[in-house]
Each structure stands twice: as C-alpha cells, then as structure tokens.
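Participant: File query_20.cif follows (mmCIF, N, CA and C atoms; chains and numbers go by the auth columns):
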data_data
#
loop_
_atom_site.group_PDB
_atom_site.id
_atom_site.type_symbol
_atom_site.label_atom_id
_atom_site.label_comp_id
_atom_site.label_asym_id
_atom_site.label_seq_id
_atom_site.Cartn_x
_atom_site.Cartn_y
_atom_site.Cartn_z
_atom_site.B_iso_or_equiv
_atom_site.auth_seq_id
_atom_site.auth_asym_id
ATOM 1 N N MET A 1 -2.373 -61.627 -6.610 0.00 15 A
ATOM 2 C CA MET A 1 -2.391 -61.871 -5.187 0.00 15 A
ATOM 3 C C MET A 1 -1.862 -63.263 -4.865 0.00 15 A
ATOM 4 N N LEU A 2 -2.244 -64.258 -5.657 0.00 16 A
ATOM 5 C CA LEU A 2 -1.759 -65.611 -5.400 0.00 16 A
ATOM 6 C C LEU A 2 -0.247 -65.693 -5.575 0.00 16 A
ATOM 7 N N ALA A 3 0.270 -64.990 -6.566 0.00 17 A
ATOM 8 C CA ALA A 3 1.715 -65.052 -6.830 0.00 17 A
ATOM 9 C C ALA A 3 2.534 -64.559 -5.649 0.00 17 A
ATOM 10 N N THR A 4 2.048 -63.555 -4.947 0.00 18 A
ATOM 11 C CA THR A 4 2.803 -63.024 -3.809 0.00 18 A
ATOM 12 C C THR A 4 2.813 -63.982 -2.622 0.00 18 A
ATOM 13 N N HIS A 5 1.929 -64.958 -2.635 0.00 19 A
ATOM 14 C CA HIS A 5 1.847 -65.932 -1.546 0.00 19 A
ATOM 15 C C HIS A 5 2.269 -67.333 -1.994 0.00 19 A
ATOM 16 N N THR A 6 3.011 -67.395 -3.107 0.00 20 A
ATOM 17 C CA THR A 6 3.479 -68.665 -3.630 0.00 20 A
ATOM 18 C C THR A 6 4.996 -68.713 -3.576 0.00 20 A
ATOM 19 N N ALA A 7 5.505 -69.796 -3.029 0.00 21 A
ATOM 20 C CA ALA A 7 6.952 -70.018 -2.976 0.00 21 A
ATOM 21 C C ALA A 7 7.218 -71.406 -3.546 0.00 21 A
ATOM 22 N N GLY A 8 8.047 -71.477 -4.556 0.00 22 A
ATOM 23 C CA GLY A 8 8.302 -72.769 -5.182 0.00 22 A
ATOM 24 C C GLY A 8 7.064 -73.269 -5.887 0.00 22 A
ATOM 25 N N GLN A 9 6.611 -74.447 -5.499 0.00 23 A
ATOM 26 C CA GLN A 9 5.461 -75.076 -6.157 0.00 23 A
ATOM 27 C C GLN A 9 4.151 -74.882 -5.410 0.00 23 A
ATOM 28 N N ALA A 10 4.186 -74.293 -4.211 0.00 24 A
ATOM 29 C CA ALA A 10 2.968 -74.234 -3.403 0.00 24 A
ATOM 30 C C ALA A 10 2.797 -72.859 -2.768 0.00 24 A
ATOM 31 N N GLY A 11 1.566 -72.600 -2.385 0.00 25 A
ATOM 32 C CA GLY A 11 1.269 -71.345 -1.718 0.00 25 A
ATOM 33 C C GLY A 11 0.085 -71.489 -0.785 0.00 25 A
ATOM 34 N N SER A 12 -0.072 -70.474 0.060 0.00 26 A
ATOM 35 C CA SER A 12 -1.221 -70.449 0.961 0.00 26 A
ATOM 36 C C SER A 12 -1.470 -69.020 1.418 0.00 26 A
ATOM 37 N N VAL A 13 -2.693 -68.765 1.807 0.00 27 A
ATOM 38 C CA VAL A 13 -3.089 -67.454 2.309 0.00 27 A
ATOM 39 C C VAL A 13 -4.370 -67.636 3.117 0.00 27 A
ATOM 40 N N GLU A 14 -4.563 -66.778 4.103 0.00 28 A
ATOM 41 C CA GLU A 14 -5.818 -66.803 4.849 0.00 28 A
ATOM 42 C C GLU A 14 -6.931 -66.308 3.930 0.00 28 A
ATOM 43 N N ALA A 15 -8.063 -66.967 3.972 0.00 29 A
ATOM 44 C CA ALA A 15 -9.163 -66.674 3.060 0.00 29 A
ATOM 45 C C ALA A 15 -9.751 -65.280 3.276 0.00 29 A
ATOM 46 N N GLU A 16 -9.917 -64.850 4.502 0.00 30 A
ATOM 47 C CA GLU A 16 -10.595 -63.575 4.775 0.00 30 A
ATOM 48 C C GLU A 16 -9.852 -62.378 4.184 0.00 30 A
ATOM 49 N N PRO A 17 -8.550 -62.230 4.426 0.00 31 A
ATOM 50 C CA PRO A 17 -7.859 -61.093 3.812 0.00 31 A
ATOM 51 C C PRO A 17 -7.850 -61.160 2.278 0.00 31 A
ATOM 52 N N LEU A 18 -7.750 -62.371 1.728 0.00 32 A
ATOM 53 C CA LEU A 18 -7.747 -62.526 0.278 0.00 32 A
ATOM 54 C C LEU A 18 -9.072 -62.046 -0.314 0.00 32 A
ATOM 55 N N THR A 19 -10.168 -62.467 0.264 0.00 33 A
ATOM 56 C CA THR A 19 -11.473 -62.054 -0.262 0.00 33 A
ATOM 57 C C THR A 19 -11.657 -60.544 -0.119 0.00 33 A
ATOM 58 N N ARG A 20 -11.223 -59.995 0.987 0.00 34 A
ATOM 59 C CA ARG A 20 -11.355 -58.549 1.219 0.00 34 A
ATOM 60 C C ARG A 20 -10.516 -57.760 0.222 0.00 34 A
ATOM 61 N N LEU A 21 -9.256 -58.148 0.033 0.00 35 A
ATOM 62 C CA LEU A 21 -8.364 -57.421 -0.865 0.00 35 A
ATOM 63 C C LEU A 21 -8.757 -57.562 -2.333 0.00 35 A
ATOM 64 N N CYS A 22 -9.321 -58.704 -2.683 0.00 36 A
ATOM 65 C CA CYS A 22 -9.734 -58.933 -4.070 0.00 36 A
ATOM 66 C C CYS A 22 -11.142 -58.425 -4.354 0.00 36 A
ATOM 67 N N GLY A 23 -11.894 -58.138 -3.314 0.00 37 A
ATOM 68 C CA GLY A 23 -13.266 -57.675 -3.504 0.00 37 A
ATOM 69 C C GLY A 23 -14.197 -58.770 -3.996 0.00 37 A
ATOM 70 N N LEU A 24 -13.882 -60.008 -3.635 0.00 38 A
ATOM 71 C CA LEU A 24 -14.688 -61.157 -4.050 0.00 38 A
ATOM 72 C C LEU A 24 -15.208 -61.891 -2.820 0.00 38 A
ATOM 73 N N SER A 25 -16.309 -62.590 -3.005 0.00 39 A
ATOM 74 C CA SER A 25 -16.802 -63.455 -1.932 0.00 39 A
ATOM 75 C C SER A 25 -15.953 -64.721 -1.909 0.00 39 A
ATOM 76 N N LEU A 26 -16.040 -65.480 -0.843 0.00 40 A
ATOM 77 C CA LEU A 26 -15.300 -66.736 -0.754 0.00 40 A
ATOM 78 C C LEU A 26 -15.728 -67.692 -1.868 0.00 40 A
ATOM 79 N N THR A 27 -16.997 -67.722 -2.180 0.00 41 A
ATOM 80 C CA THR A 27 -17.491 -68.573 -3.269 0.00 41 A
ATOM 81 C C THR A 27 -16.866 -68.170 -4.596 0.00 41 A
ATOM 82 N N GLN A 28 -16.736 -66.875 -4.846 0.00 42 A
ATOM 83 C CA GLN A 28 -16.122 -66.403 -6.081 0.00 42 A
ATOM 84 C C GLN A 28 -14.639 -66.771 -6.140 0.00 42 A
ATOM 85 N N VAL A 29 -13.936 -66.671 -5.020 0.00 43 A
ATOM 86 C CA VAL A 29 -12.524 -67.054 -4.976 0.00 43 A
ATOM 87 C C VAL A 29 -12.391 -68.549 -5.239 0.00 43 A
ATOM 88 N N GLU A 30 -13.253 -69.357 -4.630 0.00 44 A
ATOM 89 C CA GLU A 30 -13.224 -70.801 -4.857 0.00 44 A
ATOM 90 C C GLU A 30 -13.511 -71.127 -6.319 0.00 44 A
ATOM 91 N N ASP A 31 -14.452 -70.415 -6.942 0.00 45 A
ATOM 92 C CA ASP A 31 -14.733 -70.610 -8.363 0.00 45 A
ATOM 93 C C ASP A 31 -13.515 -70.247 -9.210 0.00 45 A
ATOM 94 N N LEU A 32 -12.826 -69.177 -8.855 0.00 46 A
ATOM 95 C CA LEU A 32 -11.625 -68.771 -9.572 0.00 46 A
ATOM 96 C C LEU A 32 -10.531 -69.832 -9.454 0.00 46 A
ATOM 97 N N LEU A 33 -10.338 -70.373 -8.254 0.00 47 A
ATOM 98 C CA LEU A 33 -9.345 -71.427 -8.071 0.00 47 A
ATOM 99 C C LEU A 33 -9.712 -72.673 -8.877 0.00 47 A
ATOM 100 N N ASP A 34 -10.998 -72.990 -8.950 0.00 48 A
ATOM 101 C CA ASP A 34 -11.446 -74.112 -9.798 0.00 48 A
ATOM 102 C C ASP A 34 -11.122 -73.855 -11.264 0.00 48 A
ATOM 103 N N ARG A 35 -11.320 -72.628 -11.711 0.00 49 A
ATOM 104 C CA ARG A 35 -11.005 -72.297 -13.106 0.00 49 A
ATOM 105 C C ARG A 35 -9.505 -72.423 -13.373 0.00 49 A
ATOM 106 N N LEU A 36 -8.685 -71.976 -12.425 0.00 50 A
ATOM 107 C CA LEU A 36 -7.235 -72.108 -12.574 0.00 50 A
ATOM 108 C C LEU A 36 -6.821 -73.575 -12.578 0.00 50 A
ATOM 109 N N LEU A 37 -7.511 -74.398 -11.813 0.00 51 A
ATOM 110 C CA LEU A 37 -7.254 -75.827 -11.798 0.00 51 A
ATOM 111 C C LEU A 37 -7.585 -76.448 -13.161 0.00 51 A
ATOM 112 N N HIS A 38 -8.737 -76.109 -13.707 0.00 52 A
ATOM 113 C CA HIS A 38 -9.166 -76.671 -14.992 0.00 52 A
ATOM 114 C C HIS A 38 -8.346 -76.124 -16.164 0.00 52 A
ATOM 115 N N ALA A 39 -7.743 -74.945 -15.988 0.00 53 A
ATOM 116 C CA ALA A 39 -6.883 -74.368 -17.023 0.00 53 A
ATOM 117 C C ALA A 39 -5.441 -74.872 -16.897 0.00 53 A
ATOM 118 N N ASP A 40 -5.222 -75.791 -15.964 0.00 54 A
ATOM 119 C CA ASP A 40 -3.908 -76.398 -15.735 0.00 54 A
ATOM 120 C C ASP A 40 -2.867 -75.406 -15.214 0.00 54 A
ATOM 121 N N VAL A 41 -3.334 -74.364 -14.547 0.00 55 A
ATOM 122 C CA VAL A 41 -2.429 -73.438 -13.867 0.00 55 A
ATOM 123 C C VAL A 41 -2.103 -74.002 -12.487 0.00 55 A
ATOM 124 N N LEU A 42 -3.118 -74.554 -11.831 0.00 56 A
ATOM 125 C CA LEU A 42 -2.940 -75.182 -10.524 0.00 56 A
ATOM 126 C C LEU A 42 -3.061 -76.693 -10.651 0.00 56 A
ATOM 127 N N ALA A 43 -2.276 -77.400 -9.858 0.00 57 A
ATOM 128 C CA ALA A 43 -2.384 -78.862 -9.804 0.00 57 A
ATOM 129 C C ALA A 43 -3.447 -79.269 -8.795 0.00 57 A
ATOM 130 N N GLY A 44 -3.740 -78.390 -7.861 0.00 58 A
ATOM 131 C CA GLY A 44 -4.757 -78.654 -6.852 0.00 58 A
ATOM 132 C C GLY A 44 -4.859 -77.508 -5.883 0.00 58 A
ATOM 133 N N TRP A 45 -5.971 -77.455 -5.158 0.00 59 A
ATOM 134 C CA TRP A 45 -6.135 -76.460 -4.111 0.00 59 A
ATOM 135 C C TRP A 45 -7.060 -77.014 -3.041 0.00 59 A
ATOM 136 N N HIS A 46 -6.983 -76.407 -1.851 0.00 60 A
ATOM 137 C CA HIS A 46 -7.762 -76.885 -0.714 0.00 60 A
ATOM 138 C C HIS A 46 -8.127 -75.708 0.181 0.00 60 A
ATOM 139 N N HIS A 47 -9.353 -75.708 0.686 0.00 61 A
ATOM 140 C CA HIS A 47 -9.782 -74.701 1.660 0.00 61 A
ATOM 141 C C HIS A 47 -9.868 -75.376 3.018 0.00 61 A
ATOM 142 N N GLY A 48 -8.928 -75.051 3.882 0.00 62 A
ATOM 143 C CA GLY A 48 -8.954 -75.563 5.245 0.00 62 A
ATOM 144 C C GLY A 48 -9.947 -74.757 6.063 0.00 62 A
ATOM 145 N N ALA A 49 -11.163 -75.233 6.151 0.00 63 A
ATOM 146 C CA ALA A 49 -12.241 -74.471 6.787 0.00 63 A
ATOM 147 C C ALA A 49 -11.937 -74.109 8.239 0.00 63 A
ATOM 148 N N GLU A 50 -11.319 -75.015 8.973 0.00 64 A
ATOM 149 C CA GLU A 50 -11.020 -74.729 10.384 0.00 64 A
ATOM 150 C C GLU A 50 -10.031 -73.584 10.529 0.00 64 A
ATOM 151 N N ALA A 51 -8.972 -73.607 9.732 0.00 65 A
ATOM 152 C CA ALA A 51 -7.946 -72.575 9.820 0.00 65 A
ATOM 153 C C ALA A 51 -8.301 -71.364 8.964 0.00 65 A
ATOM 154 N N GLY A 52 -9.283 -71.508 8.081 0.00 66 A
ATOM 155 C CA GLY A 52 -9.650 -70.412 7.199 0.00 66 A
ATOM 156 C C GLY A 52 -8.570 -70.103 6.182 0.00 66 A
ATOM 157 N N GLU A 53 -7.824 -71.129 5.801 0.00 67 A
ATOM 158 C CA GLU A 53 -6.688 -70.936 4.910 0.00 67 A
ATOM 159 C C GLU A 53 -6.918 -71.624 3.572 0.00 67 A
ATOM 160 N N LEU A 54 -6.493 -70.973 2.502 0.00 68 A
ATOM 161 C CA LEU A 54 -6.519 -71.557 1.169 0.00 68 A
ATOM 162 C C LEU A 54 -5.097 -71.981 0.829 0.00 68 A
ATOM 163 N N ARG A 55 -4.957 -73.202 0.305 0.00 69 A
ATOM 164 C CA ARG A 55 -3.647 -73.722 -0.104 0.00 69 A
ATOM 165 C C ARG A 55 -3.749 -74.193 -1.547 0.00 69 A
ATOM 166 N N TRP A 56 -2.653 -74.065 -2.282 0.00 70 A
ATOM 167 C CA TRP A 56 -2.641 -74.510 -3.667 0.00 70 A
ATOM 168 C C TRP A 56 -1.262 -75.012 -4.053 0.00 70 A
ATOM 169 N N ARG A 57 -1.247 -75.799 -5.138 0.00 71 A
ATOM 170 C CA ARG A 57 -0.010 -76.292 -5.756 0.00 71 A
ATOM 171 C C ARG A 57 -0.044 -75.919 -7.225 0.00 71 A
ATOM 172 N N LEU A 58 1.071 -75.422 -7.726 0.00 72 A
ATOM 173 C CA LEU A 58 1.150 -75.077 -9.136 0.00 72 A
ATOM 174 C C LEU A 58 1.269 -76.328 -9.993 0.00 72 A
ATOM 175 N N SER A 59 0.745 -76.238 -11.191 0.00 73 A
ATOM 176 C CA SER A 59 0.835 -77.336 -12.137 0.00 73 A
ATOM 177 C C SER A 59 2.279 -77.502 -12.594 0.00 73 A
ATOM 178 N N ARG A 60 2.720 -78.728 -12.741 0.00 74 A
ATOM 179 C CA ARG A 60 4.073 -78.995 -13.262 0.00 74 A
ATOM 180 C C ARG A 60 4.244 -78.413 -14.657 0.00 74 A
ATOM 181 N N ASN A 61 3.190 -78.444 -15.464 0.00 75 A
ATOM 182 C CA ASN A 61 3.280 -77.915 -16.823 0.00 75 A
ATOM 183 C C ASN A 61 3.620 -76.424 -16.805 0.00 75 A
ATOM 184 N N ARG A 62 3.087 -75.683 -15.864 0.00 76 A
ATOM 185 C CA ARG A 62 3.385 -74.255 -15.758 0.00 76 A
ATOM 186 C C ARG A 62 4.788 -74.029 -15.260 0.00 76 A
ATOM 187 N N LEU A 63 5.241 -74.860 -14.349 0.00 77 A
ATOM 188 C CA LEU A 63 6.599 -74.711 -13.819 0.00 77 A
ATOM 189 C C LEU A 63 7.637 -75.016 -14.891 0.00 77 A
ATOM 190 N N GLU A 64 7.388 -76.023 -15.713 0.00 78 A
ATOM 191 C CA GLU A 64 8.325 -76.389 -16.769 0.00 78 A
ATOM 192 C C GLU A 64 8.371 -75.323 -17.851 0.00 78 A
ATOM 193 N N ALA A 65 7.286 -74.584 -18.052 0.00 79 A
ATOM 194 C CA ALA A 65 7.238 -73.537 -19.076 0.00 79 A
ATOM 195 C C ALA A 65 8.105 -72.335 -18.673 0.00 79 A
ATOM 196 N N GLU A 66 8.299 -72.150 -17.376 0.00 80 A
ATOM 197 C CA GLU A 66 9.090 -71.024 -16.904 0.00 80 A
ATOM 198 C C GLU A 66 10.525 -71.383 -17.033 0.00 80 A
#
Write out the structure in this file as structure tokens.

Facilitator:
Amino acid sequence: MLATHTAGQAGSVEAEPLTRLCGLSLTQVEDLLDRLLHADVLAGWHHGAEAGELRWRLSRNRLEAE
C-alpha cells in the first residue's frame, strides 16, 4: 500500500483509508512505520493529525540499492 503512494523519495496517504484498507488500527500502522524506520527502509515519517495524513521519506540506503 505504501509503494502505491510513493513517488521518488517521498510518499503520503490519508490515514483513514489506509487503516481501513489494511485492516489495522492507526496505532498499528504507526508501529509498522516505526519498524520500517528502524529497519532503515524509511528515513522518517510524520502523522499530520490536523490533515489526517501520513507522510514518509525513503531511506537513501534503500534507494541506492535499487
């Protein structure tokens, strides 16, 4: 799901549809993004609470591997 919403080095998606389509709670999605961050897949991510949007940046190490 994240890959379909990623262009270049960054991506974003509204949190509500993502949680619904993945069958996960927002807390579970945030935990997953933290795991991807610690696994060096993501360089960072942010939950814009006002807009209800999740944003992320891919790790340079992953981009160089491709």

Participant: Excluding same-chain residues fewer than 5 positions from A:Thr33, what lies within 12 Å of it counting only C-alpha atoms, as a list in words?

Facilitator: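 Here the answer would be Met15, Leu16, Val27, Glu28, Leu38, Ser39, Leu40, Thr41, Gln42, Val43, Glu44, Leu46, Gly66, Glu67 and Leu68 of chain A.
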
Participant: Could you pull out all residues of chain A with a DSSP call of strand (DSSP E or B) and give them as a list in words?

Facilitator: Thr20, Ala21, Ala24, Gly25, Ser26, Val27, Glu28, Leu56, Ala57, Gly58, Trp59, His60, His61, Gly62, Glu67, Leu68, Arg69, Trp70, Arg71 and Leu72 of chain A

Participant: Just the number, please: distance in Å from atom C of A:Gly25 to atom C of A:Arg71, one decimal.

Facilitator: 7.8 Å

Participant: Using only C-alpha atoms, which of A:Gly37, A:Gly62, A:Gln23, A:Pro31 sits nearest A:Arg74?

Facilitator: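 When distances to A:Arg74 are compared using only C-alpha atoms, the smallest one comes from A:Gln23.
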
Participant: So how many Å separate atom C of A:Ser73 and atom CA of A:Ala17, to one decimal?

Facilitator: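 Separation between atom C of A:Ser73 and atom CA of A:Ala17: 13.7 Å.
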
Participant: Could you state the separation of atom C of A:Gly58 and atom C of A:His19 in Å, given to one decimal place?

Facilitator: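 So the answer is 13.0 Å.
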
Participant: Please provide as a PyMOL selection string all residues within 5 Å of A:Leu72, with the sequence filter that same-chain residues fewer than 3 positions apart are discarded (counting only N, CA and C atoms).

Facilitator: chain A and resi 23-24+55-57

Participant: Where does DSSP see alpha helix (DSSP H) in chain A, if you list the residues as a PyMOL selection string?

Facilitator: chain A and resi 29-36+40-52+74-79
